[in-house]
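Student: My file is work21.txt. It has compact mmCIF, C-alpha atoms:
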# COMPACT_ATOMS: atom_id res chain seq x y z
CA MET A 1 118.54 102.96 92.09
CA ASP A 2 116.35 104.22 94.92
CA ASP A 3 113.82 105.45 92.36
CA MET A 4 113.75 101.99 90.78
CA VAL A 5 113.15 100.29 94.12
CA SER A 6 110.38 102.77 94.98
CA THR A 7 108.68 102.32 91.61
CA VAL A 8 108.69 98.52 91.85
CA PHE A 9 107.62 98.16 95.48
CA GLN A 10 105.73 101.31 96.55
CA ARG A 11 102.26 99.74 96.26
CA ARG A 12 103.23 96.24 97.35
CA ARG A 13 103.34 94.44 100.68
CA PHE A 14 105.71 91.55 101.39
CA ILE A 15 104.43 88.04 102.15
CA PRO A 16 106.81 86.40 104.68
CA GLU A 17 106.24 82.80 103.61
CA ALA A 18 106.70 83.77 99.96
CA LEU A 19 109.99 85.48 100.79
CA GLU A 20 111.34 82.32 102.38
CA LYS A 21 110.15 80.22 99.46
CA PHE A 22 111.96 82.57 97.07
CA GLY A 23 115.22 82.15 98.98
CA PHE A 24 115.26 84.93 101.58
CA ARG A 25 116.77 84.01 104.97
CA LYS A 26 115.07 85.16 108.14
CA THR A 27 117.64 86.79 110.43
CA SER A 28 117.69 89.08 113.44
CA ARG A 29 117.65 92.05 111.03
CA GLY A 30 114.69 90.85 108.95
CA TYR A 31 114.75 88.93 105.66
CA GLU A 32 118.02 88.83 103.72
CA PHE A 33 118.76 87.72 100.17
CA SER A 34 121.85 87.59 97.99
CA SER A 35 122.11 86.87 94.27
CA GLY A 36 124.56 87.36 91.44
CA ILE A 37 123.66 89.29 88.28
CA MET A 38 125.47 89.90 85.00
CA ASP A 39 126.97 86.38 85.04
CA GLY A 40 128.22 86.88 88.57
CA ALA A 41 130.06 90.13 87.89
CA PHE A 42 127.90 91.85 90.51
CA GLN A 43 126.36 90.71 93.77
CA VAL A 44 122.97 92.02 94.89
CA GLN A 45 122.27 92.06 98.63
CA ILE A 46 118.73 92.81 99.78
CA LEU A 47 117.43 93.42 103.29
CA ILE A 48 113.76 93.68 104.20
CA THR A 49 113.35 94.82 107.79
CA SER A 50 110.55 93.69 110.08
CA GLY A 51 108.85 97.01 109.30
CA GLY A 52 108.82 96.26 105.58
CA VAL A 53 111.63 98.66 104.65
CA LEU A 54 113.68 97.38 101.73
CA SER A 55 117.32 98.26 101.10
CA VAL A 56 119.43 97.14 98.15
CA MET A 57 123.20 97.05 97.78
CA VAL A 58 124.97 96.11 94.53
CA THR A 59 128.68 95.31 94.81
CA ASP A 60 131.32 94.66 92.19
CA THR A 61 132.40 91.04 92.73
CA LEU A 62 135.97 91.78 91.69
CA THR A 63 136.56 94.65 94.12
CA GLY A 64 133.97 93.87 96.79
CA GLU A 65 132.92 97.52 96.76
CA GLU A 66 129.55 99.08 96.02
CA TYR A 67 128.90 99.73 92.33
CA VAL A 68 128.48 103.49 92.68
CA PRO A 69 127.17 104.26 89.16
CA LEU A 70 123.82 102.68 90.08
CA ARG A 71 123.28 105.00 93.02
CA ALA A 72 125.00 108.22 91.95
CA SER A 73 123.57 110.58 89.35
CA GLY A 74 125.52 111.49 86.25
CA PHE A 75 126.56 107.96 85.28
CA SER A 76 125.27 106.58 82.00
CA GLY A 77 126.34 104.32 79.17
CA ALA A 78 125.46 100.91 77.77
CA TYR A 79 127.17 98.91 80.53
CA VAL A 80 125.62 100.84 83.41
CA SER A 81 122.24 100.50 81.68
CA ALA A 82 122.72 96.75 81.37
CA VAL A 83 123.52 96.41 85.08
CA ARG A 84 120.52 98.57 85.95
CA GLU A 85 118.25 96.43 83.75
CA ALA A 86 119.55 93.21 85.31
CA LEU A 87 118.85 94.59 88.77
CA GLY A 88 115.38 95.73 87.68
CA THR A 89 114.59 92.25 86.35
CA LEU A 90 115.56 90.69 89.70
CA LEU A 91 113.51 93.20 91.69
CA ARG A 92 110.46 92.67 89.48
CA GLN A 93 110.79 88.89 89.96
CA ILE A 94 110.82 89.37 93.73
CA ALA A 95 107.83 91.71 93.57
CA SER A 96 105.87 89.23 91.46
CA ALA A 97 106.67 86.22 93.63
CA CYS A 98 106.82 87.68 97.13
CA THR A 99 104.32 90.54 97.40
CA ARG A 100 100.67 91.40 97.12
CA GLU A 101 99.51 94.57 95.42
CA VAL A 102 97.58 97.29 97.26
CA LEU A 103 95.84 100.33 95.81
CA PHE A 104 97.84 103.01 97.57
CA VAL A 105 101.20 103.53 99.23
CA SER A 106 100.25 104.35 102.83
CA GLU A 107 98.38 102.08 105.20
CA GLN A 108 95.88 104.81 106.07
CA ALA A 109 95.06 105.46 102.41
CA ASN A 110 94.27 101.77 101.94
CA ARG A 111 92.16 101.70 105.11
CA ILE A 112 90.19 104.77 103.99
CA SER A 113 89.65 103.22 100.56
CA GLY A 114 88.20 100.13 102.23
CA LEU A 115 85.95 102.24 104.44
CA ILE A 116 84.67 104.19 101.42
CA PHE A 117 83.82 100.95 99.66
CA GLY A 118 82.14 99.59 102.78
CA ARG A 119 79.98 102.70 103.20
CA TYR A 120 79.21 103.62 99.58
CA GLY A 121 80.11 100.54 97.52
CA ILE A 122 82.48 102.69 95.44
CA SER A 123 85.99 101.70 94.36
CA PRO A 124 88.47 104.17 92.87
CA ASP A 125 89.26 104.43 89.20
CA PHE A 126 92.71 105.43 87.96
CA PRO A 127 92.18 107.59 84.86
CA TRP A 128 95.72 108.86 84.33
CA ASP A 129 98.95 107.45 82.92
CA LYS A 130 99.81 104.50 85.17
CA SER A 131 103.56 104.95 84.71
CA GLN A 132 103.44 108.36 86.45
CA TYR A 133 100.18 108.41 88.39
CA GLN A 134 99.65 104.81 89.50
CA SER A 135 98.48 105.95 92.96
CA TYR A 136 96.01 108.63 91.85
CA GLY A 137 92.58 107.17 92.55
CA VAL A 138 89.30 109.01 91.88
CA TYR A 139 86.07 108.27 93.75
CA ARG A 140 82.92 109.19 91.84
CA HIS A 141 79.18 109.21 92.48
CA HIS A 142 77.53 106.26 90.77
CA ASP A 143 74.79 108.36 89.18
CA THR A 144 76.56 111.55 88.04
CA GLY A 145 80.21 110.52 87.81
CA LYS A 146 81.18 113.59 89.85
CA TRP A 147 84.24 113.32 92.07
CA PHE A 148 83.80 113.40 95.82
CA ALA A 149 87.33 112.25 96.72
CA LEU A 150 90.75 111.90 95.14
CA ILE A 151 93.67 110.05 96.75
CA MET A 152 97.13 111.03 95.46
CA ASN A 153 100.74 110.25 96.28
CA VAL A 154 102.67 113.51 95.94
CA ARG A 155 106.05 114.97 96.89
CA ARG A 156 105.93 116.71 100.26
CA GLU A 157 107.75 119.63 98.64
CA VAL A 158 104.68 120.59 96.61
CA LEU A 159 102.64 120.74 99.82
CA PHE A 160 105.09 122.41 102.21
CA ARG A 161 107.72 124.02 99.93
CA ASP A 162 110.42 122.52 102.15
CA GLY A 163 112.55 120.88 99.46
CA SER A 164 111.72 117.39 100.73
CA ALA A 165 111.91 114.55 98.20
CA GLU A 166 109.72 112.31 100.38
CA ARG A 167 106.27 111.40 99.13
CA GLN A 168 102.95 111.64 100.94
CA ASP A 169 99.48 110.19 100.39
CA ILE A 170 96.73 112.81 100.59
CA ILE A 171 92.99 112.78 99.98
CA ASN A 172 91.26 115.76 98.38
CA LEU A 173 87.75 116.42 99.67
CA LYS A 174 85.15 119.12 99.11
CA ALA A 175 84.30 121.05 102.26
CA GLY A 176 82.81 124.38 101.15
CA ALA A 177 84.42 127.80 101.55
CA GLU A 178 83.70 128.52 105.23
CA ARG A 179 84.42 124.98 106.41
CA SER A 180 87.64 124.81 104.34
CA ARG A 181 89.07 127.85 106.12
CA GLU A 182 88.22 126.35 109.49
CA LEU A 183 89.62 122.91 108.66
CA SER A 184 92.89 124.30 107.30
CA ARG A 185 93.88 125.32 110.83
CA HIS A 186 94.54 121.62 111.55
CA PRO A 187 98.19 120.62 110.82
CA ALA A 188 97.04 117.57 108.81
CA ILE A 189 94.65 119.57 106.59
CA LEU A 190 95.79 121.89 103.81
CA PRO A 191 94.09 123.93 101.08
CA GLY A 192 93.14 121.59 98.25
CA TYR A 193 96.18 120.61 96.18
CA HIS A 194 95.46 121.14 92.46
CA MET A 195 91.86 121.99 93.38
CA ASN A 196 89.88 125.13 94.20
CA HIS A 197 91.41 126.23 97.50
CA LYS A 198 88.18 127.89 98.61
CA ASN A 199 86.08 124.75 98.47
CA TRP A 200 88.46 121.78 98.68
CA VAL A 201 90.97 120.57 101.27
CA SER A 202 93.81 118.06 101.16
CA VAL A 203 94.06 115.73 104.16
CA LEU A 204 97.40 114.07 104.94
CA LEU A 205 96.93 110.31 105.18
CA ASN A 206 99.70 109.71 107.70
CA ASP A 207 97.54 108.94 110.76
CA GLN A 208 97.69 112.49 112.11
CA LEU A 209 93.92 112.44 111.69
CA ALA A 210 92.01 109.36 112.85
CA ASP A 211 90.19 107.24 110.26
CA GLU A 212 86.78 108.15 111.67
CA ASP A 213 87.58 111.87 111.38
CA VAL A 214 88.74 111.44 107.79
CA MET A 215 85.56 109.52 107.00
CA SER A 216 83.49 112.32 108.52
CA LEU A 217 85.08 114.68 105.99
CA VAL A 218 84.50 112.10 103.22
CA ALA A 219 80.81 111.98 104.12
CA ALA A 220 80.55 115.77 103.97
CA SER A 221 82.27 115.82 100.58
CA PHE A 222 79.96 113.06 99.34
CA ASP A 223 76.92 115.15 100.32
CA LEU A 224 78.32 118.39 98.86
CA THR A 225 79.03 116.86 95.47
Would you encode the structure as structure tokens?
Tutor:
Amino acid sequence: MDDMVSTVFQRRRFIPEALEKFGFRKTSRGYEFSSGIMDGAFQVQILITSGGVLSVMVTDTLTGEEYVPLRASGFSGAYVSAVREALGTLLRQIASACTREVLFVSEQANRISGLIFGRYGISPDFPWDKSQYQSYGVYRHHDTGKWFALIMNVRREVLFRDGSAERQDIINLKAGAERSRELSRHPAILPGYHMNHKNWVSVLLNDQLADEDVMSLVAASFDLT
């Protein structure tokens, strides 16, 4: 269920007035919503905190307990699939009515994208399968089509080998061999993920590095490519 919620909402931002119009109640905890699915056999309770964090609980109306098969792995079958599809339909309705779409998951990635457009007039293109790589945006030179930046949303595990299932926005930038070695000493800068480690770096877009510093690296990559 968590994967479903992430897929539906990861590149969306909630609109408070739209939430209230849809039927969410503003409370001390945030915005709360409750709705029946599967002809009332299950109750869906949704909380959106003031920080935009969304949590979903599905309970069996008969027992009043959480419907575990939606959250636990290893459960399958036609009925579980039907409940999952009903929940997905409700979540997609909320996303359509109550959110606006953004290009990337993290706030810094979206700010950097806006700064790149403001400086170079270049927007990203998304050349890969949208179902798996919806947040993989390529920035290209207008004249040659060569990449100078690539923003990706990846699992932290592939960056740090720490087993973490969390995801992280990064931007890949060309820096040159000598500069790449120097930059990689910074905790927010790593050897280029899925790129030539000698010439490219990956910068974590989690505000460890200020926007102006990221843009300085973008400018260098723009010139090098």
Student: Out of A:Thr27, A:Gln108, A:Ser180, A:Ser113, which residue has the shortest atom-to-atom distance to Ser221 (chain A) when counting only C-alpha atoms?
Tutor: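 Closest candidate: A:Ser180.
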Student: For Ser73 (chain A), which of A:Ala86, A:Ala97, A:Asp3, A:Lys26 is the closest residue, counting all atoms listed in the file?
Tutor: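 Between A:Ala86, A:Ala97, A:Asp3, A:Lys26, the residue approaching Ser73 (chain A) most closely is A:Asp3.
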Student: Would you list the contacts of Leu54 (chain A) as a list in words, taking every protein, DNA or RNA residue within 12 Å and counting all atoms listed in the file, but skipping same-chain residues closer than 3 positions in sequence?
Tutor: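 Using all atoms listed in the file, the neighbours found are Asp2, Met4, Val5, Ser6, Val8, Phe9, Gln10, Arg12, Arg13, Phe14, Arg29, Gly30, Tyr31, Glu32, Phe33, Gln45, Ile46, Leu47, Ile48, Thr49, Ser50, Gly51, Met57, Leu91, Ile94 and Ala95 of chain A.
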Student: Quick one: residues within 6 Å of region 134-137 of chain A, only C-alpha atoms, excluding same-chain residues fewer than 5 positions away - as a list in words?
Tutor: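 Selected residues are Phe104, Pro124, Asp125, Phe126, Leu150, Ile151, Met152 and Asn153 of chain A.
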Student: Enter the distance from CA of Arg25 (chain A) to CA of Ser106 (chain A), in Å, rounded to one decimal.
Tutor: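 A separation of 26.3 Å between them.
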Student: What separation in Å, quoted to one decimal, exists between CA of Val83 (chain A) and CA of Val56 (chain A)?
Tutor: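 If I compute the distance from CA of Val83 (chain A) to CA of Val56 (chain A), I get 13.7 Å.
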Student: Using Å and a single decimal, report how far CA of Arg11 (chain A) sits from CA of Val102 (chain A).
Tutor: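 About the pair CA of Val102 (chain A) and CA of Arg11 (chain A): they are 5.4 Å apart.
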Student: Please identify all polymer residues within 9 Å of region 187-204 of chain A, counting only C-alpha atoms, omitting same-chain residues fewer than 6 positions from it, and present them as number ranges by chain.
Tutor: A: 158-159, 168-181, 214, 221
Student: Generate the output file for the selected residues, C-alpha atoms, as an mmCIF file, keeping the file's coordinate frame.
Tutor:
data_model
loop_
_atom_site.group_PDB
_atom_site.id
_atom_site.type_symbol
_atom_site.label_atom_id
_atom_site.label_comp_id
_atom_site.auth_asym_id
_atom_site.auth_seq_id
_atom_site.Cartn_x
_atom_site.Cartn_y
_atom_site.Cartn_z
ATOM 1 C CA VAL A 158 104.680 120.590 96.610
ATOM 2 C CA LEU A 159 102.640 120.740 99.820
ATOM 3 C CA GLN A 168 102.950 111.640 100.940
ATOM 4 C CA ASP A 169 99.480 110.190 100.390
ATOM 5 C CA ILE A 170 96.730 112.810 100.590
ATOM 6 C CA ILE A 171 92.990 112.780 99.980
ATOM 7 C CA ASN A 172 91.260 115.760 98.380
ATOM 8 C CA LEU A 173 87.750 116.420 99.670
ATOM 9 C CA LYS A 174 85.150 119.120 99.110
ATOM 10 C CA ALA A 175 84.300 121.050 102.260
ATOM 11 C CA GLY A 176 82.810 124.380 101.150
ATOM 12 C CA ALA A 177 84.420 127.800 101.550
ATOM 13 C CA GLU A 178 83.700 128.520 105.230
ATOM 14 C CA ARG A 179 84.420 124.980 106.410
ATOM 15 C CA SER A 180 87.640 124.810 104.340
ATOM 16 C CA ARG A 181 89.070 127.850 106.120
ATOM 17 C CA VAL A 214 88.740 111.440 107.790
ATOM 18 C CA SER A 221 82.270 115.820 100.580
#
Student: Do a neighbour search on Ala18 (chain A) at 9 Å with only C-alpha atoms, toss out local chain neighbours closer than 4 positions, and write the hits as number ranges by chain.
Tutor: A: 14, 22-24, 97-99
Student: Contacts of Leu70 (chain A) at 12 Å or less, counting all atoms listed in the file, minus same-chain residues fewer than 4 places along, as an MDAnalysis selection string?
Tutor: chainID A and resid 1:5 42 44 56:60 66 74:77 79:88
Student: Which residue out of A:Glu182, A:Glu20, A:Met215, A:Thr225 has the minimum interatomic distance to Gly118 (chain A) when all atoms listed in the file are used?
Tutor: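 Closest to Gly118 (chain A) of all the choices is A:Met215.
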Student: Looking at all atoms listed in the file, which of A:Leu224, A:Val138, A:Ile112, A:Leu103 is the one that sits closest to Asn206 (chain A)?
Tutor: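 Among the listed residues, A:Ile112 lies closest to Asn206 (chain A).
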Student: Which one is closest to Val218 (chain A): A:Ile116, A:Gly64, A:Leu90, A:Arg111? Count all atoms listed in the file.
Tutor: A:Ile116
Student: From the structure just shown, export region 143-154 of chain A with all heavy atoms as a PDB file, in the first residue's frame.
Tutor:
ATOM      1  N   ASP A 143      21.598  23.371 -29.029  1.00  0.00           N
ATOM      2  CA  ASP A 143      22.186  23.196 -30.362  1.00  0.00           C
ATOM      3  C   ASP A 143      22.659  21.769 -30.637  1.00  0.00           C
ATOM      4  O   ASP A 143      22.457  21.241 -31.731  1.00  0.00           O
ATOM      5  CB  ASP A 143      23.350  24.182 -30.559  1.00  0.00           C
ATOM      6  CG  ASP A 143      24.348  24.152 -29.409  1.00  0.00           C
ATOM      7  OD1 ASP A 143      24.088  23.443 -28.405  1.00  0.00           O
ATOM      8  OD2 ASP A 143      25.381  24.832 -29.512  1.00  0.00           O
ATOM      9  N   THR A 144      23.251  21.114 -29.645  1.00  0.00           N
ATOM     10  CA  THR A 144      23.835  19.784 -29.884  1.00  0.00           C
ATOM     11  C   THR A 144      23.001  18.634 -29.320  1.00  0.00           C
ATOM     12  O   THR A 144      23.184  17.484 -29.718  1.00  0.00           O
ATOM     13  CB  THR A 144      25.234  19.687 -29.261  1.00  0.00           C
ATOM     14  OG1 THR A 144      25.113  19.791 -27.824  1.00  0.00           O
ATOM     15  CG2 THR A 144      26.134  20.792 -29.783  1.00  0.00           C
ATOM     16  N   GLY A 145      22.106  18.929 -28.397  1.00  0.00           N
ATOM     17  CA  GLY A 145      21.347  17.873 -27.746  1.00  0.00           C
ATOM     18  C   GLY A 145      22.124  17.126 -26.677  1.00  0.00           C
ATOM     19  O   GLY A 145      21.617  16.172 -26.079  1.00  0.00           O
ATOM     20  N   LYS A 146      23.375  17.545 -26.408  1.00  0.00           N
ATOM     21  CA  LYS A 146      24.182  16.877 -25.386  1.00  0.00           C
ATOM     22  C   LYS A 146      23.653  17.191 -23.982  1.00  0.00           C
ATOM     23  O   LYS A 146      23.224  18.294 -23.704  1.00  0.00           O
ATOM     24  CB  LYS A 146      25.646  17.313 -25.488  1.00  0.00           C
ATOM     25  CG  LYS A 146      26.378  16.757 -26.703  1.00  0.00           C
ATOM     26  CD  LYS A 146      27.848  17.165 -26.665  1.00  0.00           C
ATOM     27  CE  LYS A 146      28.618  16.550 -27.824  1.00  0.00           C
ATOM     28  NZ  LYS A 146      30.045  16.928 -27.788  1.00  0.00           N
ATOM     29  N   TRP A 147      23.735  16.182 -23.108  1.00  0.00           N
ATOM     30  CA  TRP A 147      23.317  16.379 -21.727  1.00  0.00           C
ATOM     31  C   TRP A 147      24.319  17.269 -20.990  1.00  0.00           C
ATOM     32  O   TRP A 147      25.515  17.121 -21.143  1.00  0.00           O
ATOM     33  CB  TRP A 147      23.278  15.055 -20.975  1.00  0.00           C
ATOM     34  CG  TRP A 147      22.373  14.005 -21.531  1.00  0.00           C
ATOM     35  CD1 TRP A 147      21.689  14.020 -22.708  1.00  0.00           C
ATOM     36  CD2 TRP A 147      22.078  12.751 -20.917  1.00  0.00           C
ATOM     37  NE1 TRP A 147      20.982  12.864 -22.868  1.00  0.00           N
ATOM     38  CE2 TRP A 147      21.199  12.059 -21.786  1.00  0.00           C
ATOM     39  CE3 TRP A 147      22.464  12.143 -19.731  1.00  0.00           C
ATOM     40  CZ2 TRP A 147      20.717  10.783 -21.489  1.00  0.00           C
ATOM     41  CZ3 TRP A 147      21.970  10.879 -19.435  1.00  0.00           C
ATOM     42  CH2 TRP A 147      21.103  10.218 -20.300  1.00  0.00           C
ATOM     43  N   PHE A 148      23.793  18.141 -20.138  1.00  0.00           N
ATOM     44  CA  PHE A 148      24.674  18.803 -19.173  1.00  0.00           C
ATOM     45  C   PHE A 148      24.191  18.565 -17.742  1.00  0.00           C
ATOM     46  O   PHE A 148      24.907  18.853 -16.775  1.00  0.00           O
ATOM     47  CB  PHE A 148      24.818  20.301 -19.455  1.00  0.00           C
ATOM     48  CG  PHE A 148      23.539  21.107 -19.295  1.00  0.00           C
ATOM     49  CD1 PHE A 148      23.198  21.670 -18.085  1.00  0.00           C
ATOM     50  CD2 PHE A 148      22.701  21.318 -20.382  1.00  0.00           C
ATOM     51  CE1 PHE A 148      22.038  22.428 -17.942  1.00  0.00           C
ATOM     52  CE2 PHE A 148      21.540  22.072 -20.259  1.00  0.00           C
ATOM     53  CZ  PHE A 148      21.209  22.622 -19.035  1.00  0.00           C
ATOM     54  N   ALA A 149      22.977  18.007 -17.596  1.00  0.00           N
ATOM     55  CA  ALA A 149      22.469  17.683 -16.263  1.00  0.00           C
ATOM     56  C   ALA A 149      21.398  16.606 -16.379  1.00  0.00           C
ATOM     57  O   ALA A 149      20.712  16.500 -17.395  1.00  0.00           O
ATOM     58  CB  ALA A 149      21.897  18.922 -15.579  1.00  0.00           C
ATOM     59  N   LEU A 150      21.280  15.811 -15.323  1.00  0.00           N
ATOM     60  CA  LEU A 150      20.266  14.774 -15.246  1.00  0.00           C
ATOM     61  C   LEU A 150      19.789  14.683 -13.803  1.00  0.00           C
ATOM     62  O   LEU A 150      20.591  14.421 -12.895  1.00  0.00           O
ATOM     63  CB  LEU A 150      20.837  13.417 -15.688  1.00  0.00           C
ATOM     64  CG  LEU A 150      20.008  12.165 -15.394  1.00  0.00           C
ATOM     65  CD1 LEU A 150      18.686  12.195 -16.146  1.00  0.00           C
ATOM     66  CD2 LEU A 150      20.803  10.901 -15.751  1.00  0.00           C
ATOM     67  N   ILE A 151      18.505  14.951 -13.577  1.00  0.00           N
ATOM     68  CA  ILE A 151      17.926  14.813 -12.248  1.00  0.00           C
ATOM     69  C   ILE A 151      17.221  13.460 -12.172  1.00  0.00           C
ATOM     70  O   ILE A 151      16.443  13.108 -13.054  1.00  0.00           O
ATOM     71  CB  ILE A 151      16.952  15.963 -11.928  1.00  0.00           C
ATOM     72  CG1 ILE A 151      17.728  17.281 -11.789  1.00  0.00           C
ATOM     73  CG2 ILE A 151      16.196  15.680 -10.625  1.00  0.00           C
ATOM     74  CD1 ILE A 151      16.862  18.485 -11.475  1.00  0.00           C
ATOM     75  N   MET A 152      17.503  12.706 -11.105  1.00  0.00           N
ATOM     76  CA  MET A 152      16.926  11.377 -10.913  1.00  0.00           C
ATOM     77  C   MET A 152      16.436  11.216  -9.481  1.00  0.00           C
ATOM     78  O   MET A 152      16.960  11.848  -8.557  1.00  0.00           O
ATOM     79  CB  MET A 152      17.960  10.286 -11.193  1.00  0.00           C
ATOM     80  CG  MET A 152      18.492  10.252 -12.598  1.00  0.00           C
ATOM     81  SD  MET A 152      19.675   8.879 -12.825  1.00  0.00           S
ATOM     82  CE  MET A 152      21.121   9.560 -12.006  1.00  0.00           C
ATOM     83  N   ASN A 153      15.444  10.367  -9.314  1.00  0.00           N
ATOM     84  CA  ASN A 153      14.983   9.963  -7.984  1.00  0.00           C
ATOM     85  C   ASN A 153      15.364   8.494  -7.806  1.00  0.00           C
ATOM     86  O   ASN A 153      14.819   7.621  -8.481  1.00  0.00           O
ATOM     87  CB  ASN A 153      13.469  10.166  -7.862  1.00  0.00           C
ATOM     88  CG  ASN A 153      12.947   9.798  -6.488  1.00  0.00           C
ATOM     89  OD1 ASN A 153      12.363   8.741  -6.301  1.00  0.00           O
ATOM     90  ND2 ASN A 153      13.139  10.693  -5.537  1.00  0.00           N
ATOM     91  N   VAL A 154      16.314   8.231  -6.925  1.00  0.00           N
ATOM     92  CA  VAL A 154      16.868   6.881  -6.793  1.00  0.00           C
ATOM     93  C   VAL A 154      16.792   6.412  -5.340  1.00  0.00           C
ATOM     94  O   VAL A 154      16.641   7.215  -4.411  1.00  0.00           O
ATOM     95  CB  VAL A 154      18.335   6.822  -7.270  1.00  0.00           C
ATOM     96  CG1 VAL A 154      18.439   7.272  -8.724  1.00  0.00           C
ATOM     97  CG2 VAL A 154      19.237   7.690  -6.385  1.00  0.00           C
TER      98      VAL A 154
END
